[in-house]
Amino acid sequence: MNRWLMVLVSAAIFGCSTAFRPVVIIHGILTGADSMIVVVEEIQKNHPDTIVYNTNRFAGWSSLENAWHQVFEFNNDLQKICRDHPEGVILLGYSQGGLLARAVLQIYPDHCVKKLISLSSPQAGQYGTEFLHLIFPSLVAKTAYQLFYTYVGQHTSVGNYWNDPNEQDKYEAFSIFLPYVNNELPSTNSSQFRDSLLKLEEIILIGGPDDGVITPWESSHFGYFNGSYDVIPFRQREIYLEDRIGLRTLDESGRLKLVTLAGVRHFDWHMNIDVINKVIIPYLD
């Protein structure tokens with residue numbers, strides 16, 4: 001638990017009941033708990049009795065470690081939190097953290113999470129290199145598969161969810177993470193990956209057309225490119241039509257919310273107070 005910054009207000013310290021569920025936060029790539037402080041502060045300002053766990057695990061460069069490794073470590077922490085809060089918590093993940101948060105729930109069938117908030121996260125994959133230029137200055141999307149669809153490339157979190165629409169054979173052959181958590185490829189855990197998500201009371205998928213980093217931005221809503229680079233809305237994709245991870249069931253039962261907000265750049269989702277109050281705070285009940 002020492003890798004989590006736990007924020008406790010007085011009501012929680014003295015054992016008083018709180019009106020709002022605890023919130024567990026997983027930061028994005030190449031950042032850490034400090035990057036989510038504005039979100040923490042807004043939660044406390046709006047819901048002053050809320051317990052917030054803001055993880056600093058896999059901060060900075062370690063956020064590039066293999067996605068499965070990160071998921072299993074986050075899962076260990078979430079299990080401890082769930083033992084302390086059997087009444088349930090809200091899990092909020094930003095950018096890469098939203099995808100990892102979802103995968104944590106899929107491998108943890110007895111989780112206590114009631115709501116998953118995915119804040120501008122590459123849920124259907126990533127095919128854009130704007131933020132990758134910090135790491136690989138010469139990398140371009142059309143040839144990135146030559147790095148990511150290799151044994152070495154799969155040691156990186158980005159390689160684990162890189163989804164090249166024109167290299168699907170290589171994606172399925174080499175990617176060890178995204179095609180499995182999305183049940184695009186069968187595994188011994190396929191049923192669990194679906195059933196665990198169906199335990200949620202609600203899943204909130206947040207994104208917008210001016211994000212500038214998540215590519216296509218519709219990936220934050222499980223939409224994605226086809227081979228002609230046209231974006232297929234998620235309700236027209238097999239992952240939804242075949243209900244591979246329960247999205248259709250969640251949607252038809254009113255438990256899936258799509259939030260779209262224009263004019264928001266990627267780094268504003270968790271840093272801009274007005275945006276936070278529009279797309280996060282209303283769902284923390």
# chains A, B, ... in the order shown; residues from 1 in each chain; ligands from 1
>>> closest_atom_pairs(of="range 114-232 of chain A", to="range 243-265 of chain A", cutoff="9 Å", atoms="only C-alpha atoms", output="tab-separated table")
residue	atom	partner	partner_atom	distance
A:Val181	CA	A:Ile245	CA	8.1
A:Asn182	CA	A:Ile245	CA	6.4
A:Asn183	CA	A:Arg244	CA	5.8
A:Glu184	CA	A:Arg244	CA	7.7
A:Ser190	CA	A:Ile245	CA	8.2
A:Ser191	CA	A:Ile245	CA	8.3
A:Phe193	CA	A:Ile245	CA	6.5
A:Arg194	CA	A:Ile245	CA	4.1
A:Asp195	CA	A:Gly246	CA	7.3
A:Ser196	CA	A:Ile245	CA	8.8
A:Leu197	CA	A:Gly246	CA	6.7
A:Leu198	CA	A:Gly246	CA	6.1
A:Leu200	CA	A:Arg255	CA	7.9
A:Glu201	CA	A:Arg255	CA	6.1
A:Glu202	CA	A:Arg255	CA	4.4
A:Ile203	CA	A:Leu256	CA	5.0
A:Ile204	CA	A:Lys257	CA	4.7
A:Leu205	CA	A:Leu258	CA	5.0
A:Ile206	CA	A:Val259	CA	4.7
A:Gly207	CA	A:Thr260	CA	5.2
A:Gly208	CA	A:Leu261	CA	4.9
A:Pro209	CA	A:Ala262	CA	5.7
A:Asp210	CA	A:Gly263	CA	5.4
A:Asp211	CA	A:Arg265	CA	4.3
A:Gly212	CA	A:Arg265	CA	6.1
A:Val213	CA	A:Arg265	CA	8.0
A:His221	CA	A:Leu258	CA	6.8
>>> residues_around(residues="range 35-37 of chain A", least_positions_apart="2", cutoff="8 Å", atoms="only C-alpha atoms", output="JSON, numbers by chain")
{"A": [25, 27, 31, 32, 33, 39, 40, 41, 54, 270, 271]}
>>> closest_residue(among="A:Tyr108, A:Tyr240, A:Phe20, A:Phe131", to="Asn189 in chain A", atoms="only C-alpha atoms")
A:Tyr108
>>> select_by_dssp(residues="range 32-279 of chain A", states="strand (DSSP E or B)", output="VMD selection string")
chain A and resid 52 to 55 65 89 to 94 113 to 119 126 156 162 202 to 207 224 to 225 231 to 232 256 to 260
>>> residues_around(residues="Leu91 in chain A", least_positions_apart="3", cutoff="12 Å", atoms="only C-alpha atoms", output="NGL selection string")
:A and (21-27 or 52-55 or 74-75 or 78 or 81-82 or 88 or 94 or 97-105 or 111-119 or 200-204 or 280 or 283-284)
>>> residues_around(residues="Lys170 in chain A", least_positions_apart="3", cutoff="12 Å", atoms="only C-alpha atoms", output="CSV table (one decimal) with N, CA and C atoms, in the first residue's frame")
chain,number,residue,atom,x,y,z
A,144,ALA,N,5.3,1.7,-37.0
A,144,ALA,CA,5.5,1.4,-35.5
A,144,ALA,C,5.4,-0.1,-35.2
A,145,TYR,N,4.5,-0.8,-36.1
A,145,TYR,CA,4.3,-2.2,-35.8
A,145,TYR,C,5.6,-3.0,-35.9
A,146,GLN,N,6.6,-2.5,-36.7
A,146,GLN,CA,7.8,-3.2,-36.8
A,146,GLN,C,8.6,-3.3,-35.5
A,147,LEU,N,8.3,-2.3,-34.6
A,147,LEU,CA,8.9,-2.3,-33.3
A,147,LEU,C,7.9,-3.1,-32.3
A,148,PHE,N,6.7,-2.7,-32.3
A,148,PHE,CA,5.8,-3.2,-31.2
A,148,PHE,C,5.4,-4.6,-31.4
A,149,TYR,N,5.3,-5.1,-32.6
A,149,TYR,CA,4.9,-6.5,-32.9
A,149,TYR,C,6.1,-7.4,-32.9
A,150,THR,N,6.9,-7.3,-31.9
A,150,THR,CA,8.1,-8.1,-31.7
A,150,THR,C,8.1,-8.6,-30.2
A,151,TYR,N,9.0,-9.5,-30.0
A,151,TYR,CA,9.2,-10.0,-28.6
A,151,TYR,C,9.6,-8.8,-27.7
A,159,GLY,N,3.3,-1.1,-26.7
A,159,GLY,CA,3.3,-2.2,-27.6
A,159,GLY,C,2.1,-3.1,-27.3
A,162,TRP,N,-0.9,-1.4,-28.9
A,162,TRP,CA,-0.8,-0.8,-30.2
A,162,TRP,C,-1.6,-1.7,-31.2
A,163,ASN,N,-2.5,-1.1,-31.9
A,163,ASN,CA,-3.5,-1.8,-32.7
A,163,ASN,C,-3.5,-1.2,-34.1
A,164,ASP,N,-2.6,-1.8,-35.0
A,164,ASP,CA,-2.4,-1.3,-36.3
A,164,ASP,C,-3.5,-1.9,-37.2
A,165,PRO,N,-4.4,-1.0,-37.8
A,165,PRO,CA,-5.6,-1.5,-38.5
A,165,PRO,C,-5.2,-2.3,-39.8
A,166,ASN,N,-4.0,-2.1,-40.3
A,166,ASN,CA,-3.5,-2.8,-41.5
A,166,ASN,C,-2.6,-3.9,-41.3
A,167,GLU,N,-2.3,-4.2,-40.0
A,167,GLU,CA,-1.4,-5.3,-39.6
A,167,GLU,C,-2.1,-6.2,-38.6
A,173,ALA,N,-0.9,-12.1,-33.8
A,173,ALA,CA,0.1,-13.1,-33.6
A,173,ALA,C,1.1,-12.7,-32.5
A,174,PHE,N,1.3,-11.3,-32.3
A,174,PHE,CA,2.3,-10.9,-31.4
A,174,PHE,C,1.8,-10.2,-30.1
A,175,SER,N,0.6,-9.5,-30.2
A,175,SER,CA,0.1,-8.8,-29.1
A,175,SER,C,-0.3,-9.7,-28.0
A,176,ILE,N,0.2,-9.5,-26.8
A,176,ILE,CA,-0.1,-10.4,-25.7
A,176,ILE,C,-1.1,-9.9,-24.7
A,179,PRO,N,-5.7,-7.9,-27.5
A,179,PRO,CA,-6.7,-8.8,-28.1
A,179,PRO,C,-7.2,-9.8,-27.1
>>> select_by_dssp(residues="range 26-264 of chain A", states="helix (DSSP H, G or I)", output="VMD selection string")
chain A and resid 33 to 46 60 to 64 67 to 84 96 to 107 131 to 134 141 to 148 153 to 155 157 to 161 168 to 174 178 to 181 190 to 197 217 to 221 234 to 236 238 to 241 247 to 252
>>> atom_distance(atom1="CA of Gly223 in chain A", atom2="CA of Leu134 in chain A")
25.7 Å
>>> atom_distance(atom1="CA of Ile239 in chain A", atom2="CA of Asp268 in chain A")
28.9 Å
>>> atom_distance(atom1="CA of Asp230 in chain A", atom2="CA of His133 in chain A")
24.1 Å
>>> residues_around(residues="Tyr224 in chain A", least_positions_apart="3", cutoff="8 Å", atoms="only C-alpha atoms", output="list in words")
Ala124, Gly125, Pro216, Glu218, Ser219, Asp230, Val231, Ile232, Pro233 and Phe234 of chain A
